[in-house]
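Just coords32.cif here, mmCIF, C-alpha atoms:
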data_entry
#
loop_
_atom_site.label_atom_id
_atom_site.label_comp_id
_atom_site.auth_asym_id
_atom_site.auth_seq_id
_atom_site.Cartn_x
_atom_site.Cartn_y
_atom_site.Cartn_z
CA MET Q 1 10.81 18.63 14.38
CA THR Q 2 10.38 15.16 12.86
CA GLY Q 3 9.65 16.06 9.24
CA TYR Q 4 6.68 13.67 9.35
CA GLU Q 5 2.98 14.47 9.49
CA ALA Q 6 1.60 13.69 12.96
CA SER Q 7 0.14 10.19 13.41
CA TYR Q 8 0.12 7.28 15.84
CA TYR Q 9 2.82 5.68 13.70
CA VAL Q 10 5.09 8.71 14.02
CA SER Q 11 4.56 8.84 17.78
CA SER Q 12 5.54 5.15 18.08
CA ARG Q 13 8.27 4.96 15.44
CA ASN Q 14 11.68 3.39 15.94
CA ALA Q 15 14.77 5.57 16.10
CA SER Q 16 16.05 6.49 12.64
CA PRO Q 17 18.74 8.91 11.47
CA ILE Q 18 18.03 12.00 9.38
CA ARG Q 19 19.74 11.42 6.04
CA PRO Q 20 21.57 14.34 4.44
CA ALA Q 21 20.21 16.09 1.37
CA LEU Q 22 22.02 15.50 -1.92
CA ARG Q 23 24.77 18.06 -2.54
CA GLY Q 24 26.75 18.31 -5.74
CA ARG Q 25 27.03 15.80 -8.56
CA VAL Q 26 27.32 12.06 -8.01
CA SER Q 27 27.30 9.02 -10.30
CA ALA Q 28 25.40 5.77 -9.88
CA ASP Q 29 24.25 2.76 -11.81
CA VAL Q 30 20.65 3.42 -10.74
CA CYS Q 31 18.92 6.48 -9.27
CA VAL Q 32 15.71 5.67 -7.41
CA VAL Q 33 13.22 8.53 -7.03
CA GLY Q 34 11.02 8.03 -3.97
CA GLY Q 35 11.69 6.72 -0.47
CA GLY Q 36 8.53 4.70 0.10
CA TYR Q 37 8.21 0.93 -0.07
CA THR Q 38 8.57 0.75 -3.87
CA GLY Q 39 11.76 2.77 -3.98
CA LEU Q 40 13.28 1.19 -0.86
CA SER Q 41 12.48 -2.31 -2.11
CA ALA Q 42 13.97 -1.61 -5.53
CA ALA Q 43 17.07 -0.02 -4.02
CA LEU Q 44 17.60 -2.95 -1.64
CA GLU Q 45 17.16 -5.56 -4.38
CA LEU Q 46 19.45 -3.71 -6.79
CA ALA Q 47 22.18 -3.23 -4.19
CA GLU Q 48 22.03 -6.93 -3.33
CA ARG Q 49 22.70 -7.59 -7.03
CA GLY Q 50 25.80 -5.36 -6.98
CA PHE Q 51 24.43 -2.13 -8.46
CA ARG Q 52 25.56 1.26 -7.16
CA VAL Q 53 22.31 2.91 -6.07
CA VAL Q 54 21.37 6.44 -5.01
CA LEU Q 55 17.88 6.98 -3.59
CA LEU Q 56 16.32 10.47 -3.45
CA GLU Q 57 13.37 11.25 -1.16
CA ALA Q 58 11.65 14.64 -1.19
CA GLU Q 59 10.72 14.51 2.52
CA ARG Q 60 11.65 11.71 4.94
CA VAL Q 61 11.85 7.97 4.31
CA GLY Q 62 8.30 6.58 4.54
CA TRP Q 63 6.77 10.07 4.61
CA GLY Q 64 3.92 9.26 2.21
CA ALA Q 65 1.52 6.32 2.08
CA SER Q 66 4.25 3.88 3.16
CA GLY Q 67 4.32 5.45 6.62
CA ARG Q 68 0.62 6.30 7.00
CA ASN Q 69 -1.39 3.34 5.67
CA GLY Q 70 -3.66 0.90 7.50
CA GLY Q 71 -0.85 -1.61 7.98
CA GLN Q 72 -2.72 -4.50 6.30
CA MET Q 73 -0.43 -6.73 4.21
CA LEU Q 74 -2.69 -8.73 1.88
CA ASN Q 75 -2.46 -11.35 -0.83
CA GLY Q 76 -3.98 -10.68 -4.23
CA LEU Q 77 -5.00 -7.54 -6.05
CA ASN Q 78 -7.86 -5.11 -5.62
CA PRO Q 79 -9.99 -6.82 -8.32
CA GLY Q 80 -10.69 -10.50 -7.64
CA VAL Q 81 -9.11 -13.23 -9.74
CA ALA Q 82 -12.31 -13.63 -11.80
CA SER Q 83 -12.01 -10.02 -12.95
CA ILE Q 84 -8.33 -10.46 -13.77
CA GLU Q 85 -9.02 -13.65 -15.74
CA LYS Q 86 -11.57 -11.75 -17.81
CA MET Q 87 -9.10 -8.96 -18.53
CA LEU Q 88 -5.92 -10.97 -19.07
CA GLY Q 89 -6.77 -14.64 -19.46
CA GLU Q 90 -6.33 -17.57 -17.12
CA ALA Q 91 -2.58 -18.10 -17.57
CA ALA Q 92 -1.69 -14.46 -16.85
CA SER Q 93 -4.13 -14.35 -13.94
CA ARG Q 94 -2.52 -17.43 -12.38
CA ALA Q 95 0.97 -15.98 -12.87
CA ILE Q 96 -0.07 -12.71 -11.23
CA TRP Q 97 -1.75 -14.49 -8.33
CA ASP Q 98 1.35 -16.58 -7.70
CA MET Q 99 3.45 -13.42 -7.66
CA THR Q 100 1.14 -11.75 -5.14
CA VAL Q 101 1.56 -14.75 -2.83
CA GLU Q 102 5.31 -14.40 -3.33
CA ALA Q 103 4.91 -10.70 -2.45
CA THR Q 104 3.64 -11.43 1.04
CA ASP Q 105 6.45 -13.94 1.51
CA ILE Q 106 8.98 -11.26 0.50
CA VAL Q 107 7.66 -9.01 3.27
CA ARG Q 108 7.80 -11.75 5.91
CA ARG Q 109 11.30 -12.82 4.89
CA ARG Q 110 12.59 -9.24 4.94
CA ILE Q 111 11.20 -8.70 8.43
CA GLN Q 112 12.99 -11.83 9.61
CA ARG Q 113 16.24 -11.45 7.66
CA HIS Q 114 16.77 -7.80 8.56
CA ALA Q 115 15.35 -8.05 12.09
CA ILE Q 116 12.82 -5.28 11.42
CA GLU Q 117 10.84 -4.45 14.57
CA CYS Q 118 7.43 -3.62 13.10
CA ASP Q 119 4.89 -5.55 15.21
CA TRP Q 120 4.23 -8.21 12.56
CA GLN Q 121 1.01 -10.15 13.27
CA PRO Q 122 -0.35 -12.88 10.93
CA GLY Q 123 -4.03 -13.10 10.04
CA TYR Q 124 -6.54 -11.16 7.96
CA VAL Q 125 -10.34 -11.39 7.99
CA HIS Q 126 -12.53 -10.25 5.13
CA ALA Q 127 -15.85 -9.66 6.91
CA ALA Q 128 -19.19 -9.78 5.07
CA THR Q 129 -21.55 -6.88 5.73
CA LYS Q 130 -24.40 -8.66 3.86
CA PRO Q 131 -25.43 -12.32 3.57
CA SER Q 132 -25.00 -12.12 -0.19
CA HIS Q 133 -21.39 -11.00 0.30
CA TYR Q 134 -20.70 -14.05 2.47
CA ALA Q 135 -22.18 -16.36 -0.17
CA ALA Q 136 -19.85 -14.83 -2.77
CA MET Q 137 -16.90 -15.30 -0.39
CA LEU Q 138 -17.65 -19.01 -0.10
CA GLU Q 139 -17.54 -19.32 -3.88
CA ASP Q 140 -14.18 -17.53 -3.92
CA VAL Q 141 -12.74 -19.87 -1.28
CA GLU Q 142 -13.68 -22.88 -3.39
CA LEU Q 143 -12.31 -21.27 -6.57
CA MET Q 144 -8.99 -20.33 -4.98
CA ALA Q 145 -8.43 -23.86 -3.63
CA ARG Q 146 -9.53 -25.68 -6.79
CA LYS Q 147 -8.11 -23.48 -9.52
CA TYR Q 148 -5.28 -21.51 -7.91
CA GLY Q 149 -4.05 -24.03 -5.35
CA TYR Q 150 -4.40 -21.59 -2.47
CA GLY Q 151 -5.60 -23.40 0.64
CA ASP Q 152 -4.96 -20.80 3.36
CA LEU Q 153 -8.52 -19.42 3.26
CA THR Q 154 -10.87 -20.53 6.05
CA PRO Q 155 -14.58 -19.64 5.77
CA LEU Q 156 -16.19 -18.49 9.02
CA ASP Q 157 -19.94 -18.42 9.52
CA ARG Q 158 -21.45 -15.81 11.79
CA SER Q 159 -20.84 -17.76 15.00
CA GLU Q 160 -17.31 -18.80 13.99
CA LEU Q 161 -16.45 -15.22 13.08
CA ALA Q 162 -16.93 -14.21 16.74
CA ALA Q 163 -13.60 -15.90 17.52
CA GLN Q 164 -11.96 -13.23 15.34
CA VAL Q 165 -14.11 -10.11 15.60
CA VAL Q 166 -17.10 -9.38 17.85
CA SER Q 167 -19.56 -7.13 16.01
CA ASP Q 168 -23.20 -7.46 15.00
CA ARG Q 169 -22.44 -5.85 11.64
CA PHE Q 170 -21.05 -8.98 10.03
CA HIS Q 171 -22.70 -12.10 8.59
CA GLY Q 172 -19.58 -14.23 8.26
CA GLY Q 173 -16.18 -13.89 6.69
CA VAL Q 174 -12.99 -15.51 5.48
CA LEU Q 175 -9.76 -15.85 7.48
CA ASP Q 176 -6.46 -15.74 5.58
CA PHE Q 177 -3.31 -16.56 7.51
CA GLY Q 178 -1.22 -15.86 4.41
CA SER Q 179 -1.87 -12.17 5.07
CA GLY Q 180 -1.43 -10.06 8.20
CA HIS Q 181 -0.55 -6.63 9.55
CA LEU Q 182 2.36 -4.54 10.77
CA HIS Q 183 3.51 -1.06 11.84
CA PRO Q 184 3.96 0.49 8.39
CA LEU Q 185 6.35 3.33 9.21
CA ASN Q 186 8.64 1.09 11.23
CA PHE Q 187 8.68 -1.39 8.35
CA ALA Q 188 9.73 1.42 5.98
CA LEU Q 189 12.44 2.55 8.37
CA GLY Q 190 13.67 -1.03 8.62
CA LEU Q 191 13.87 -1.34 4.83
CA ALA Q 192 15.83 1.90 4.68
CA ALA Q 193 18.35 0.66 7.24
CA ALA Q 194 18.70 -2.64 5.37
CA ALA Q 195 19.29 -0.78 2.07
CA GLU Q 196 21.98 1.38 3.66
CA ARG Q 197 23.75 -1.69 5.02
CA GLU Q 198 23.86 -3.00 1.44
CA GLY Q 199 25.51 0.23 0.29
CA VAL Q 200 22.59 2.35 -0.96
CA ALA Q 201 23.13 6.12 -0.59
CA LEU Q 202 19.88 7.52 0.85
CA HIS Q 203 19.20 11.25 0.65
CA GLU Q 204 16.20 12.90 2.31
CA ALA Q 205 14.97 16.47 1.70
CA SER Q 206 16.06 15.91 -1.92
CA ARG Q 207 13.03 16.66 -4.08
CA VAL Q 208 13.63 15.80 -7.72
CA THR Q 209 12.80 18.77 -9.95
CA GLU Q 210 13.82 17.36 -13.32
CA ILE Q 211 14.80 14.12 -15.03
CA ARG Q 212 16.79 14.73 -18.22
CA GLU Q 213 16.47 11.73 -20.49
CA GLY Q 214 19.35 10.35 -22.51
CA ALA Q 215 21.85 7.52 -22.75
CA ARG Q 216 22.75 8.45 -19.18
CA PRO Q 217 19.83 10.25 -17.56
CA LEU Q 218 20.50 13.15 -15.22
CA VAL Q 219 18.30 13.42 -12.12
CA VAL Q 220 18.25 16.96 -10.75
CA THR Q 221 17.42 18.27 -7.26
CA ARG Q 222 17.72 21.81 -5.89
CA ASP Q 223 21.29 21.27 -4.71
CA GLY Q 224 22.53 18.23 -6.59
CA GLU Q 225 22.50 15.92 -9.59
CA VAL Q 226 22.73 12.18 -10.11
CA ASP Q 227 24.32 10.96 -13.34
CA CYS Q 228 23.15 7.38 -13.85
CA ALA Q 229 22.54 4.59 -16.32
CA THR Q 230 18.96 3.87 -15.18
CA VAL Q 231 16.20 5.68 -13.29
CA VAL Q 232 13.48 4.07 -11.16
CA LEU Q 233 10.47 6.35 -10.71
CA ALA Q 234 8.79 5.33 -7.45
CA ALA Q 235 6.93 8.53 -6.57
CA ASN Q 236 3.44 7.00 -6.86
CA ALA Q 237 0.79 9.56 -5.80
CA TYR Q 238 3.42 12.31 -5.88
CA VAL Q 239 4.73 11.79 -9.42
CA GLY Q 240 2.94 15.01 -10.43
CA SER Q 241 4.84 17.27 -12.79
CA LEU Q 242 7.84 14.95 -13.05
CA ARG Q 243 5.98 12.88 -15.64
CA PRO Q 244 2.45 14.23 -16.33
CA LYS Q 245 1.66 11.25 -18.59
CA LEU Q 246 2.03 8.90 -15.61
CA ALA Q 247 0.07 11.22 -13.36
CA ARG Q 248 -2.94 11.02 -15.70
CA THR Q 249 -3.33 7.26 -15.18
CA ILE Q 250 -3.50 7.45 -11.39
CA MET Q 251 -5.79 9.32 -9.00
CA PRO Q 252 -4.40 10.42 -5.63
CA VAL Q 253 -7.08 9.67 -3.02
CA ALA Q 254 -6.97 10.82 0.60
CA THR Q 255 -7.77 8.16 3.18
CA PHE Q 256 -8.05 8.60 6.96
CA ILE Q 257 -7.36 6.64 10.15
CA ILE Q 258 -8.05 7.20 13.83
CA ALA Q 259 -6.27 5.60 16.78
CA THR Q 260 -7.96 5.32 20.16
CA GLU Q 261 -6.41 5.38 23.57
CA PRO Q 262 -5.14 1.95 24.73
CA LEU Q 263 -8.20 -0.24 25.33
CA GLY Q 264 -6.83 -2.68 27.88
CA ASP Q 265 -8.91 -5.88 28.18
CA ARG Q 266 -11.55 -4.54 25.78
CA ALA Q 267 -9.16 -4.94 22.88
CA GLN Q 268 -8.99 -8.72 23.23
CA ARG Q 269 -12.77 -8.94 23.67
CA LEU Q 270 -13.43 -7.08 20.42
CA ILE Q 271 -10.77 -8.71 18.21
CA PRO Q 272 -9.87 -11.98 19.99
CA GLY Q 273 -7.74 -13.32 17.15
CA ARG Q 274 -5.83 -10.04 16.66
CA ALA Q 275 -6.17 -10.35 12.89
CA CYS Q 276 -6.60 -7.25 10.77
CA ILE Q 277 -10.08 -6.86 9.30
CA SER Q 278 -11.77 -5.12 6.39
CA ASP Q 279 -15.44 -5.18 5.51
CA SER Q 280 -16.89 -6.18 2.16
CA ASN Q 281 -18.36 -2.87 1.03
CA PHE Q 282 -16.96 -1.24 -2.12
CA VAL Q 283 -16.22 1.86 -0.05
CA LEU Q 284 -14.78 -0.19 2.78
CA ASN Q 285 -13.69 0.22 6.38
CA TYR Q 286 -10.57 -1.49 7.75
CA PHE Q 287 -9.38 -1.88 11.31
CA ARG Q 288 -7.01 -3.72 13.62
CA LEU Q 289 -5.37 -3.60 17.03
CA SER Q 290 -1.99 -1.98 17.54
CA ALA Q 291 0.68 -3.70 19.61
CA ASP Q 292 -0.32 -1.53 22.59
CA ASN Q 293 -4.03 -2.41 22.22
CA ARG Q 294 -5.36 0.69 20.48
CA MET Q 295 -8.09 0.38 17.88
CA LEU Q 296 -6.78 1.66 14.55
CA PHE Q 297 -9.84 2.31 12.39
CA GLY Q 298 -9.67 3.60 8.83
CA GLY Q 299 -11.70 3.83 5.69
CA GLY Q 300 -13.00 7.32 5.07
CA ALA Q 301 -11.85 8.58 1.68
CA SER Q 302 -11.74 11.98 0.04
CA TYR Q 303 -11.64 11.77 -3.73
CA SER Q 304 -10.87 15.48 -3.88
CA GLY Q 305 -7.61 14.64 -2.07
CA ARG Q 306 -8.42 17.06 0.77
CA THR Q 307 -9.11 16.53 4.47
CA GLY Q 308 -12.42 17.97 5.65
CA PRO Q 309 -12.88 19.39 9.15
CA HIS Q 310 -15.45 16.72 10.05
CA GLU Q 311 -13.38 13.66 9.06
CA PRO Q 312 -12.38 12.72 12.65
CA LEU Q 313 -16.06 12.74 13.68
CA ILE Q 314 -17.02 10.72 10.61
CA MET Q 315 -14.37 8.11 11.40
CA ARG Q 316 -15.44 7.93 15.04
CA ALA Q 317 -19.05 7.35 13.94
CA LYS Q 318 -17.97 4.55 11.58
CA MET Q 319 -16.02 2.89 14.40
CA ALA Q 320 -19.00 3.18 16.77
CA ARG Q 321 -21.31 1.50 14.26
CA THR Q 322 -18.96 -1.47 14.18
CA PHE Q 323 -18.09 -1.44 17.89
CA PRO Q 324 -20.82 0.37 19.89
CA GLU Q 325 -18.94 0.02 23.16
CA LEU Q 326 -16.22 2.31 21.75
CA ARG Q 327 -18.68 5.14 21.21
CA ASP Q 328 -17.22 7.23 24.03
CA VAL Q 329 -13.62 6.05 23.96
CA LYS Q 330 -10.95 8.72 23.61
CA VAL Q 331 -9.47 9.15 20.12
CA GLU Q 332 -5.85 10.22 20.54
CA HIS Q 333 -4.67 10.34 16.91
CA PHE Q 334 -6.18 11.24 13.54
CA TRP Q 335 -4.26 11.38 10.28
CA GLY Q 336 -4.64 11.01 6.55
CA GLY Q 337 -2.60 10.70 3.42
CA LEU Q 338 -2.70 10.02 -0.30
CA VAL Q 339 -2.83 6.62 -1.97
CA ASP Q 340 -2.84 6.23 -5.74
CA ILE Q 341 -5.49 4.22 -7.57
CA THR Q 342 -5.82 3.29 -11.23
CA VAL Q 343 -9.02 3.05 -13.26
CA ASN Q 344 -8.93 -0.77 -13.27
CA ARG Q 345 -7.42 -1.01 -9.74
CA LEU Q 346 -4.42 -2.95 -11.11
CA PRO Q 347 -0.84 -1.74 -10.59
CA ASP Q 348 0.86 0.12 -13.42
CA PHE Q 349 4.41 -1.01 -14.22
CA GLY Q 350 6.34 0.09 -17.29
CA ARG Q 351 9.21 1.90 -18.99
CA LEU Q 352 9.68 5.37 -20.42
CA GLY Q 353 12.19 4.81 -23.19
CA SER Q 354 14.79 2.17 -22.49
CA ASN Q 355 16.24 3.29 -19.16
CA ILE Q 356 13.49 4.88 -17.04
CA TYR Q 357 11.35 2.34 -15.17
CA TYR Q 358 8.30 3.05 -13.04
CA ALA Q 359 5.83 1.29 -10.76
CA GLN Q 360 2.69 2.93 -9.35
CA GLY Q 361 -1.07 2.57 -8.81
CA PHE Q 362 -1.11 -0.11 -6.09
CA SER Q 363 -4.75 0.73 -5.28
CA GLY Q 364 -4.87 -0.26 -1.63
CA HIS Q 365 -2.66 -3.37 -1.77
CA GLY Q 366 0.60 -1.50 -1.48
CA ILE Q 367 2.50 -3.18 1.35
CA ALA Q 368 2.95 -6.50 -0.41
CA LEU Q 369 2.83 -5.36 -4.05
CA THR Q 370 5.38 -2.56 -3.63
CA ASN Q 371 7.87 -5.03 -2.21
CA LEU Q 372 7.20 -7.34 -5.15
CA ALA Q 373 7.55 -4.37 -7.51
CA GLY Q 374 11.01 -3.65 -6.18
CA LYS Q 375 12.09 -7.21 -6.88
CA LEU Q 376 10.61 -7.20 -10.40
CA LEU Q 377 12.23 -3.83 -11.17
CA ALA Q 378 15.59 -5.20 -10.09
CA GLU Q 379 15.09 -8.31 -12.21
CA ALA Q 380 14.23 -6.21 -15.27
CA ILE Q 381 17.15 -3.83 -14.82
CA SER Q 382 19.42 -6.88 -14.40
CA GLY Q 383 18.28 -8.15 -17.81
CA ASP Q 384 15.41 -10.52 -16.97
CA ALA Q 385 12.19 -8.58 -17.62
CA GLY Q 386 9.88 -11.56 -18.06
CA ARG Q 387 7.95 -11.20 -14.81
CA PHE Q 388 7.99 -7.41 -14.89
CA ASP Q 389 6.44 -7.55 -18.36
CA VAL Q 390 3.50 -9.66 -17.15
CA PHE Q 391 2.43 -6.53 -15.30
CA SER Q 392 3.65 -4.03 -17.90
CA ARG Q 393 1.34 -5.60 -20.52
CA ILE Q 394 -1.71 -4.50 -18.48
CA ARG Q 395 -3.23 -1.52 -20.30
CA HIS Q 396 -4.08 1.57 -18.25
CA ARG Q 397 -6.41 4.37 -19.31
CA PRO Q 398 -6.25 7.95 -18.02
CA PHE Q 399 -9.03 8.89 -15.65
CA PRO Q 400 -11.84 10.45 -17.70
CA GLY Q 401 -12.59 14.14 -17.56
CA GLY Q 402 -9.15 15.64 -18.04
CA ARG Q 403 -7.49 17.94 -15.54
CA LEU Q 404 -10.66 19.83 -14.58
CA LEU Q 405 -13.35 17.13 -14.51
CA ARG Q 406 -11.56 13.92 -13.48
CA THR Q 407 -12.02 14.56 -9.73
CA PRO Q 408 -15.74 15.57 -9.90
CA LEU Q 409 -16.49 12.54 -12.08
CA LEU Q 410 -14.74 10.17 -9.67
CA MET Q 411 -16.52 11.74 -6.69
CA ALA Q 412 -19.87 11.18 -8.42
CA ALA Q 413 -18.99 7.55 -9.14
CA MET Q 414 -17.97 6.93 -5.54
CA MET Q 415 -21.24 8.43 -4.30
CA TRP Q 416 -23.06 5.87 -6.45
CA PHE Q 417 -21.00 3.05 -4.95
CA ARG Q 418 -21.72 4.31 -1.42
CA LEU Q 419 -25.44 4.26 -2.19
CA ARG Q 420 -25.08 0.74 -3.59
CA ASP Q 421 -23.37 -0.39 -0.37
CA ILE Q 422 -26.31 0.99 1.62
CA LEU Q 423 -29.17 -0.21 -0.58
CA SER Q 424 -28.03 -3.53 -2.07
#
What is this structure when it is put down as structure tokens?
Amino acid sequence: MTGYEASYYVSSRNASPIRPALRGRVSADVCVVGGGYTGLSAALELAERGFRVVLLEAERVGWGASGRNGGQMLNGLNPGVASIEKMLGEAASRAIWDMTVEATDIVRRRIQRHAIECDWQPGYVHAATKPSHYAAMLEDVELMARKYGYGDLTPLDRSELAAQVVSDRFHGGVLDFGSGHLHPLNFALGLAAAAEREGVALHEASRVTEIREGARPLVVTRDGEVDCATVVLAANAYVGSLRPKLARTIMPVATFIIATEPLGDRAQRLIPGRACISDSNFVLNYFRLSADNRMLFGGGASYSGRTGPHEPLIMRAKMARTFPELRDVKVEHFWGGLVDITVNRLPDFGRLGSNIYYAQGFSGHGIALTNLAGKLLAEAISGDAGRFDVFSRIRHRPFPGGRLLRTPLLMAAMMWFRLRDILS
């Protein structure tokens, strides 16, 4: 019994101990709620600064999106820089972009410093499914070099793209060696081990049922309590009833991935550069090779948050449209999980009162941004909130429709975007 939902990542995970549940009352400087990347990153950063930290995870470390995602570690945010400039102005947009580049560097440095075995592979390709998408990508490459000083983007026309991915679906793309991919669950397990070495007390099977606010908040589980000076809420899609106000500004969305049998020589023929790839549709597909040469193909999404019985067949059909020669290959793993998105697709950082901090809503860019979030949370709790507040000034609206209609409205909007992908 692993405590994890079945997936290729779980079947290929590194050895990791089962941490004991919290029993009784303990004291800490900071209590972190959530054992995904955000919570683990914050706990590690805080411990390195000398704080006494207790981390509480309801299931197992990396049980949620941190251990189930597509493994793509990307620069930037879900909206492009032009959208962010329009929302926040050029100075704030540049500051945020620079921090997202720092975010990917944080991940790489942690892998190296803590010797985390997670199959790190540099390289990401954004592949254009329409000629108009490729034209827009070329404009972005020029903008990023000229205005943001980012020169790691290499445009690839259709023939050049074949050195990275062999598929008739694409009309060109952009290669970014500042991004890359990894085994997400093993990265989470590596962060947990690093945090423990720094003195963090990690407790699994310790679902938080209540957070009592005050000068010293009290964080309550079924069998224990943490008396602390500061709380970090890092529950993301699972924040739920702990703080309903935060839950209203995010939408948990189910996304799905399949993993084939090992492909042998075919793997290198299909993705010669071994970069991770996503297409340019609004409702996108993403895929990459695992270290043992499986095709990991994801992208289906359920905005109801549920897994339908036909999802494995749908994902197989999507893969076959991109790689026809995989039409009859054996699919050995299928899994899904929840990611949290915000209305504007920007992350939501902030405070509840003076001593409860939160970070959520990473909207598909979670591997890098959660690790950045942990660093910014630690900076703010240490007394330097300047960079944290660049993000906390971003305004977030609740999803429209209230409790009953928010999901049907989002599903209708996504259907429109799917039609736009097909017709435009």
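With only C-alpha atoms as the atoms that count, the residue of Q:Ala6, Q:Leu263, Q:Leu74, Q:Ala58 with the shortest distance to Q:Gly336 is Q:Ala6.
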- Task: Compile the contact shell of Q:Gly190 as a PyMOL selection string: residues with an atom at most 12 Å away, counting only C-alpha atoms, same-chain residues fewer than 3 positions apart removed.
- Result: chain Q and resi 13-17+36-37+40-41+44+61-62+66-67+107+110-119+183-187+193-197
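If only C-alpha atoms are the atoms counted, then among Q:Met319, Q:Glu379, Q:Ala275, Q:Gly214 the closest residue to Q:Ser354 is Q:Gly214.
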- Item | Non-local contacts of Q:Ala237 (10 Å; only C-alpha atoms; under 4 positions in same chain excluded) as a ChimeraX atom specification | /Q:64-65,246-247,250-253,337-341,360-362
- Message: What would the selection look like, as an MDAnalysis selection string, if the PyMOL selection byres ((chain Q and resi 162-164) around 12) were run on the coordinates I just shared?
- Response: chainID Q and resid 123:127 154:161 165:176 267:277 288:289
- Using only C-alpha atoms, determine which residues lie at most 10 Å from Q:Leu242, disregarding the query and same-chain residues fewer than 6 positions distant; provide the list as a count of residues only. 6
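For the structure in this document, the set picked by the PyMOL selection byres ((chain Q and resi 227) around 9) is Arg25, Val26, Ser27, Ala28, Asp29, Val30, Cys31, Arg216, Pro217, Leu218, Val219, Val220, Glu225, Val226, Cys228 and Ala229 of chain Q.
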- Query: Got a sec to resolve the PyMOL selection byres ((chain Q and resi 368-373) around 7) on this structure and send the residues as a PyMOL selection string?
  - Reply: chain Q and resi 37-38+41+73-74+100+103-104+106-107+359+362+365-367+374-377
Got time to write the residues from that selection, C-alpha atoms, as a PDB file, keeping the file's coordinate frame?
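The file below, again.pdb, is the result:
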ATOM      1  CA  TYR Q  37       8.210   0.930  -0.070  1.00  0.00           C
ATOM      2  CA  THR Q  38       8.570   0.750  -3.870  1.00  0.00           C
ATOM      3  CA  SER Q  41      12.480  -2.310  -2.110  1.00  0.00           C
ATOM      4  CA  MET Q  73      -0.430  -6.730   4.210  1.00  0.00           C
ATOM      5  CA  LEU Q  74      -2.690  -8.730   1.880  1.00  0.00           C
ATOM      6  CA  THR Q 100       1.140 -11.750  -5.140  1.00  0.00           C
ATOM      7  CA  ALA Q 103       4.910 -10.700  -2.450  1.00  0.00           C
ATOM      8  CA  THR Q 104       3.640 -11.430   1.040  1.00  0.00           C
ATOM      9  CA  ILE Q 106       8.980 -11.260   0.500  1.00  0.00           C
ATOM     10  CA  VAL Q 107       7.660  -9.010   3.270  1.00  0.00           C
ATOM     11  CA  ALA Q 359       5.830   1.290 -10.760  1.00  0.00           C
ATOM     12  CA  PHE Q 362      -1.110  -0.110  -6.090  1.00  0.00           C
ATOM     13  CA  HIS Q 365      -2.660  -3.370  -1.770  1.00  0.00           C
ATOM     14  CA  GLY Q 366       0.600  -1.500  -1.480  1.00  0.00           C
ATOM     15  CA  ILE Q 367       2.500  -3.180   1.350  1.00  0.00           C
ATOM     16  CA  GLY Q 374      11.010  -3.650  -6.180  1.00  0.00           C
ATOM     17  CA  LYS Q 375      12.090  -7.210  -6.880  1.00  0.00           C
ATOM     18  CA  LEU Q 376      10.610  -7.200 -10.400  1.00  0.00           C
ATOM     19  CA  LEU Q 377      12.230  -3.830 -11.170  1.00  0.00           C
TER      20      LEU Q 377
END
Give, as lines of an AutoDock Vina configuration file, the centre coordinates and the x, y and z edge lengths in Å to one decimal for an axis-aligned box around all listed atoms of stretch 289-297 of chain Q, padded by 6 Å on each side.
center_x = -4.6
center_y = -0.7
center_z = 17.5
size_x = 22.5
size_y = 18.0
size_z = 22.2
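Put simply, atom CA of Q:Phe297 is 28.0 Å away from atom CA of Q:Asp348.
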Within 8 Å of Q:Met315, counting all atoms listed in the file, which residues qualify if same-chain residues fewer than 4 places away don't, as a PDB file with C-alpha atoms, keeping the file's coordinate frame?
ATOM      1  CA  PHE Q 256      -8.050   8.600   6.960  1.00  0.00           C
ATOM      2  CA  ILE Q 257      -7.360   6.640  10.150  1.00  0.00           C
ATOM      3  CA  ILE Q 258      -8.050   7.200  13.830  1.00  0.00           C
ATOM      4  CA  PHE Q 297      -9.840   2.310  12.390  1.00  0.00           C
ATOM      5  CA  GLY Q 298      -9.670   3.600   8.830  1.00  0.00           C
ATOM      6  CA  GLY Q 299     -11.700   3.830   5.690  1.00  0.00           C
ATOM      7  CA  GLY Q 300     -13.000   7.320   5.070  1.00  0.00           C
ATOM      8  CA  GLU Q 311     -13.380  13.660   9.060  1.00  0.00           C
ATOM      9  CA  MET Q 319     -16.020   2.890  14.400  1.00  0.00           C
TER      10      MET Q 319
END
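If you measure from each of Q:Lys86, Q:Arg19, Q:Arg207, Q:Arg109 to Q:Glu57 using all atoms listed in the file, the closest one turns out to be Q:Arg207.
Between Q:His333 and the candidates Q:Met99, Q:Ala201, Q:Ile394, Q:Met295, the tightest atom-to-atom separation, counting all atoms listed in the file, involves Q:Met295.
Neighbours of Q:Asp98 closer than or equal to 12 Å, with only C-alpha atoms counted and sequence neighbours fewer than 5 positions away skipped, come out as Q:Asn75, Q:Gly76, Q:Leu77, Q:Val81, Q:Ala91, Q:Ala92, Q:Ser93, Q:Ala103, Q:Thr104, Q:Asp105, Q:Met144, Q:Lys147, Q:Tyr148, Q:Gly149, Q:Tyr150, Q:Leu369, Q:Leu372, Q:Arg387, Q:Val390.
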- Grab the atom CA of Q:Ser382 to atom CA of Q:Val33 distance for me, in Å with one decimal place. 18.2 Å
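The nearest approach to Q:Asn69 among the residues Q:Lys318, Q:Arg393, Q:Arg351, Q:His181, with all atoms listed in the file taken into account, belongs to Q:His181.
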- Among the residues Q:Asp292, Q:Glu204, Q:Glu332, Q:Glu45, the one that comes closest to Q:Ala380 [using all atoms listed in the file]: Q:Glu45
